[in-house]
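K.L.:
I have a structure I would like to understand better, so I am pasting it below and will then ask my questions one at a time.
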Protein chains: 2
Amino acid sequence: MTRVGLTTDRLVRAGADLADEIGFEQTTPAELARRFGVRTASLYSHLKNAHDLKTRIALLALEELADQVSAAVAGRAGKDALTAFANVYRDYALEHPGRFAAARFRLDPETAAAGAGVRHARMMRAILRGYDLAEPHQTHAVRLLGSVFSGYVGLESAGGFSHSAPDPQESWTAILDALDTLLRTWPTTA
Amino acid sequence: MTRVGLTTDRLVRAGADLADEIGFEQTTPAELARRFGVRTASLYSHLKNAHDLKTRIALLALEELADQVSAAVAGRAGKDALTAFANVYRDYALEHPGRFAAARFRLDPETAAAGAGVRHARMMRAILRGYDLAEPHQTHAVRLLGSVFSGYVGLESAGGFSHSAPDPQESWTAILDALDTLLRTWPTTA
DNA sequence: CAGTTTGCCTAATCGGAGTAGGCAAATACA
DNA sequence: TGTATTTGCCTACTCCGATTAGGCAAACTG
């Protein structure tokens with residue numbers, strides 16, 4: 001009985017892969033143990049419980065996504081930065097559906113505050129620097145962008161746009177154009 | 001042992017209430033049976049299985065939401081209609097978090113096609129009649145609006161805007177203004 | 001009011017989550 | 001290098017939810 005070499009880290013990374021393959025909901029200690037060829041009970045020295053596993057996968061996904069966004073946005077500004085951010089976000093979701101679902105897993109406030117969610121918010125604001133929006137408009141715009149990205153990608157990966165023309169890619173491009181226009185002419189008087 | 005009078009319909013409605021109280025994820029046959037004071041096994045003559053329960057709650061929620069949107073939008077046009085649609089959607093989600101989560105439950109294509117999702121799409125397009133957008137711009141706009149509504153409300157009810165000024169209501173109003181502006185000046189060349 | 005339907009039951013299996021305690025492999029250390 | 005300690009994974013268990021099979025009695029049907 002050679003040891004498999006489980007660590008919290010390996011389990012979480014394998015869990016993220018598993019989520020991409022079979023779905024985040026289905027990513028359970030039992031399934032993960034099966035993947036490693038060990039008994040379920042063996043995971044519990046590395047993970048507190050099933051919720052802990054999901055939380056850790058969520059934090060991993062948020063971190064990965066923040067890294068990719070950060071890299072894509074570096075050195076860009078204005079619409080260029082907006083598009084880069086949006087595309088990384090969408091591509092990540094399409095390539096890693098399980099991780100993306102994990103990133104939307106509801107974390108308790110302290111965990112969320114300690115995770116990479118904060119980086120996401122900061123990067124979003126960085127993008128808006130190119131659009132000259134004063135508060136509170138900037139916050140409104142941050143929330144709008146967050147909603148559109150999360151909403152569009154959520155609907156798309158849930159199959160909301162399948163079986164209907166035009167291609168989701170086309171709408172995505174058009175929507176980014178529209179958002180750019182909107183941010184440049186944001187109605188500050190309302 | 002008097003009979004409780006279970007029916008599929010009563011179970012589904014109670015399941016929807018249960019979802020609002022304890023969350024859609026936690027809405028299980030076992031919990032529902034407890035609520036009715038019967039054994040879990042007794043549900044299985046009215047429901048196929050746990051997935052069937054969730055599907056039915058989802059369809060109920062979609063129907064309710066479509067009814068409310070339909071009533072609110074009737075007789076309105078343009079920004080008025082847009083705001084009415086959006087507010088009904090958001091209010092429903094905030095008042096009925098479990099039902100709203102159910103409405104986002106992934107249905108298999110045939111079930112979805114038979115459900116009220118189609119009404120939602122039709123109503124969204126009806127609203128856009130006030131904005132004079134030709135295809136494919138109309139579809140892009142439908143997708144944008146769907147993304148914003150679903151995204152904003154999803155983030156808000158997931159606690160994404162808590163502990164941060166300004167009030168989500170304020171952002172919501174500002175975003176609806178911005179969307180109205182955007183729809184009236186949609187970039188058709190891009 | 002007999003006969004049939006059927007609603008809810010008991011009893012059972014299966015599988016996942018989680019805990020307690022054991023044994024052996026890896027490591028530390030002389 | 002041999003011994004002591006740590007610790008990784010195991011067995012064995014409990015608890016609970018999902019689901020099926022079959023029974024009994026309440027409620028309809030005539």
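Within each chain, counting starts at residue 1; across the structure tokens, chains are named A, B, ... in the order shown, with ligands numbered 1 upward in that order.
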Determine which residues of segment 11-73 of chain A DSSP labels as helix (DSSP H, G or I) from the backbone of this structure, then write them out as a ChimeraX atom specification.
P.N.:
/A:11-22,29-36,40-45,50-73
K.L.:
Find the spatial neighbours of segment 82-91 of chain B, counting only C-alpha atoms (C1' of nucleotides), within a cut-off of 9 Å - ignore same-chain residues fewer than 2 positions away - and output them as a compact mmCIF listing (two decimals) with C-alpha atoms, in the first residue's frame.
P.N.:
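Listed below is the output, part_0.txt:
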# COMPACT_ATOMS: atom_id res chain seq x y z
CA LEU B 65 -42.30 35.63 -12.99
CA GLN B 68 -45.86 39.36 -13.06
CA VAL B 69 -43.72 40.82 -15.81
CA SER B 70 -46.57 40.51 -18.24
CA ALA B 72 -46.39 45.09 -15.19
CA VAL B 73 -45.44 45.71 -18.79
CA ARG B 76 -46.35 50.60 -21.06
CA ALA B 77 -43.73 51.37 -23.67
CA GLY B 78 -40.18 52.60 -23.99
CA LYS B 79 -38.29 53.36 -20.82
CA ASP B 80 -41.45 52.92 -18.81
CA ALA B 93 -35.66 37.84 -6.96
CA LEU B 94 -35.29 39.77 -3.71
CA GLU B 95 -38.64 38.66 -2.32
CA HIS B 96 -38.34 35.07 -3.51
CA MET B 123 -41.75 40.07 -23.58
CA MET B 124 -38.19 41.25 -23.79
CA ILE B 127 -40.10 46.05 -24.87
CA LEU B 128 -37.56 46.67 -27.55
CA LEU B 145 -30.78 43.17 -21.18
CA PHE B 149 -30.98 41.76 -15.26
CA SER B 150 -29.88 38.27 -14.49
CA TYR B 152 -27.22 42.29 -11.45
CA VAL B 153 -29.86 40.49 -9.50
CA THR B 173 -31.81 53.13 -11.14
CA LEU B 176 -31.67 51.46 -16.04
CA ASP B 177 -31.16 55.07 -17.10
CA LEU B 179 -29.55 51.18 -20.58
CA ASP B 180 -32.36 53.39 -21.81
K.L.:
Considering only C-alpha atoms (C1' of nucleotides), give me a table of residues in chain A that are at most 12 Å from chain D, with the closest atom pair and distance in Å for each, as JSON lines.
P.N.:
{"residue": "A:Met1", "atom": "CA", "partner": "D:DC9", "partner_atom": "C1'", "distance": 8.7}
{"residue": "A:Thr2", "atom": "CA", "partner": "D:DC9", "partner_atom": "C1'", "distance": 9.2}
{"residue": "A:Arg3", "atom": "CA", "partner": "D:DG8", "partner_atom": "C1'", "distance": 6.9}
{"residue": "A:Val4", "atom": "CA", "partner": "D:DC9", "partner_atom": "C1'", "distance": 8.5}
{"residue": "A:Gly5", "atom": "CA", "partner": "D:DG8", "partner_atom": "C1'", "distance": 7.9}
{"residue": "A:Leu6", "atom": "CA", "partner": "D:DG8", "partner_atom": "C1'", "distance": 8.2}
{"residue": "A:Thr7", "atom": "CA", "partner": "D:DG8", "partner_atom": "C1'", "distance": 10.0}
{"residue": "A:Ala33", "atom": "CA", "partner": "D:DC9", "partner_atom": "C1'", "distance": 11.4}
{"residue": "A:Phe36", "atom": "CA", "partner": "D:DC9", "partner_atom": "C1'", "distance": 11.8}
{"residue": "A:Gly37", "atom": "CA", "partner": "D:DC9", "partner_atom": "C1'", "distance": 10.9}
{"residue": "A:Val38", "atom": "CA", "partner": "D:DC9", "partner_atom": "C1'", "distance": 7.7}
{"residue": "A:Arg39", "atom": "CA", "partner": "D:DC10", "partner_atom": "C1'", "distance": 7.7}
{"residue": "A:Thr40", "atom": "CA", "partner": "D:DC9", "partner_atom": "C1'", "distance": 10.0}
{"residue": "A:Ala41", "atom": "CA", "partner": "D:DC9", "partner_atom": "C1'", "distance": 8.5}
{"residue": "A:Ser42", "atom": "CA", "partner": "D:DC9", "partner_atom": "C1'", "distance": 5.7}
{"residue": "A:Leu43", "atom": "CA", "partner": "D:DC9", "partner_atom": "C1'", "distance": 8.9}
{"residue": "A:Tyr44", "atom": "CA", "partner": "D:DC9", "partner_atom": "C1'", "distance": 10.4}
{"residue": "A:Ser45", "atom": "CA", "partner": "D:DG8", "partner_atom": "C1'", "distance": 8.6}
{"residue": "A:His46", "atom": "CA", "partner": "D:DG8", "partner_atom": "C1'", "distance": 10.1}
K.L.:
Dump as a VMD selection string the residues of chain C that approach chain B to within 10 Å, counting only C-alpha atoms (C1' of nucleotides).
P.N.:
chain C and resid 6 to 10
K.L.:
Could you write those residues out with N, CA and C atoms (P, O5', C5', C4', C3', O3' and C1' of nucleotides), as a short mmCIF file (atom, residue, chain, number, x, y, z; two decimals), in the first residue's frame?
P.N.:
data_model
loop_
_atom_site.label_atom_id
_atom_site.label_comp_id
_atom_site.auth_asym_id
_atom_site.auth_seq_id
_atom_site.Cartn_x
_atom_site.Cartn_y
_atom_site.Cartn_z
P DT C 6 -57.04 5.19 -8.98
"O5'" DT C 6 -56.35 5.65 -7.61
"C5'" DT C 6 -57.13 6.28 -6.60
"C4'" DT C 6 -56.30 6.39 -5.33
"C3'" DT C 6 -54.80 6.54 -5.59
"O3'" DT C 6 -54.25 7.36 -4.57
"C1'" DT C 6 -55.14 4.76 -4.17
P DG C 7 -53.91 8.92 -4.88
"O5'" DG C 7 -53.65 9.50 -3.42
"C5'" DG C 7 -54.71 9.48 -2.46
"C4'" DG C 7 -54.14 9.19 -1.08
"C3'" DG C 7 -52.73 9.75 -0.84
"O3'" DG C 7 -52.66 10.16 0.52
"C1'" DG C 7 -52.70 7.42 -0.54
P DC C 8 -51.61 11.32 0.95
"O5'" DC C 8 -50.67 10.55 1.95
"C5'" DC C 8 -51.19 10.06 3.17
"C4'" DC C 8 -50.47 8.80 3.59
"C3'" DC C 8 -48.96 8.96 3.81
"O3'" DC C 8 -48.69 8.86 5.22
"C1'" DC C 8 -49.52 6.91 2.73
P DC C 9 -47.19 8.75 5.79
"O5'" DC C 9 -47.07 7.18 6.05
"C5'" DC C 9 -47.97 6.55 6.97
"C4'" DC C 9 -47.75 5.05 6.96
"C3'" DC C 9 -46.31 4.64 7.23
"O3'" DC C 9 -46.15 4.26 8.59
"C1'" DC C 9 -47.19 3.48 5.32
P DT C 10 -44.71 4.10 9.17
"O5'" DT C 10 -44.28 2.60 8.86
"C5'" DT C 10 -45.16 1.52 9.09
"C4'" DT C 10 -44.54 0.22 8.57
"C3'" DT C 10 -43.10 -0.02 9.02
"O3'" DT C 10 -42.93 -1.42 9.27
"C1'" DT C 10 -43.18 0.05 6.66
#
K.L.:
Distance cut-off 7 Å, counting only C-alpha atoms - which residues of chain B neighbour chain A? Return them as a list in words.
P.N.:
Arg106, His140, Leu144, Ser147, Val148, Ser150, Gly151, Tyr152, Ala158, Ser171, Ala174, Ile175, Asp177, Ala178, Leu182, Trp186, Pro187 and Ala190 of chain B
K.L.:
Kindly export the residues of the current selection with C-alpha atoms, as a short mmCIF file (atom, residue, chain, number, x, y, z; two decimals), in the first residue's frame.
P.N.:
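In the end it all went to again_14.cif:
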data_model
loop_
_atom_site.label_atom_id
_atom_site.label_comp_id
_atom_site.auth_asym_id
_atom_site.auth_seq_id
_atom_site.Cartn_x
_atom_site.Cartn_y
_atom_site.Cartn_z
CA ARG B 106 -30.68 24.32 -15.70
CA HIS B 140 -27.91 41.67 -29.25
CA LEU B 144 -27.65 42.44 -23.16
CA SER B 147 -27.49 39.55 -19.02
CA VAL B 148 -27.79 42.75 -17.04
CA SER B 150 -29.88 38.27 -14.49
CA GLY B 151 -26.35 39.36 -13.66
CA TYR B 152 -27.22 42.29 -11.45
CA ALA B 158 -25.46 36.70 -3.66
CA SER B 171 -27.04 51.77 -8.90
CA ALA B 174 -28.67 54.57 -12.70
CA ILE B 175 -28.13 51.42 -14.72
CA ASP B 177 -31.16 55.07 -17.10
CA ALA B 178 -27.93 54.11 -18.79
CA LEU B 182 -27.88 53.04 -24.75
CA TRP B 186 -27.39 51.85 -30.07
CA PRO B 187 -24.18 51.76 -32.13
CA ALA B 190 -19.44 49.41 -34.86
#
K.L.:
Which value, in Å to one decimal, gives the distance between atom CA of Asn49 of chain A and atom CA of Arg99 of chain A?
P.N.:
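These atoms are spaced 18.8 Å apart.
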K.L.:
At what distance in Å, to one decimal, does atom CA of Leu47 of chain A lie from atom CA of Thr28 of chain A?
P.N.:
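Atom CA of Leu47 of chain A lies 11.5 Å from atom CA of Thr28 of chain A.
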K.L.:
How many Å lie between atom CA of Arg122 of chain A and atom CA of Ala66 of chain A, rounded to one decimal?
P.N.:
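Separating atom CA of Arg122 of chain A from atom CA of Ala66 of chain A is a distance of 10.1 Å.
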K.L.:
If we count only C-alpha atoms (C1' of nucleotides) and set the cut-off at 10 Å, which residues sit around Asp67 of chain B, ignoring sequence neighbours fewer than 5 positions away in its own chain? Please answer as a list in words.
P.N.:
Ala61, Leu62, Ala72, Ala116, Arg119 and His120 of chain B
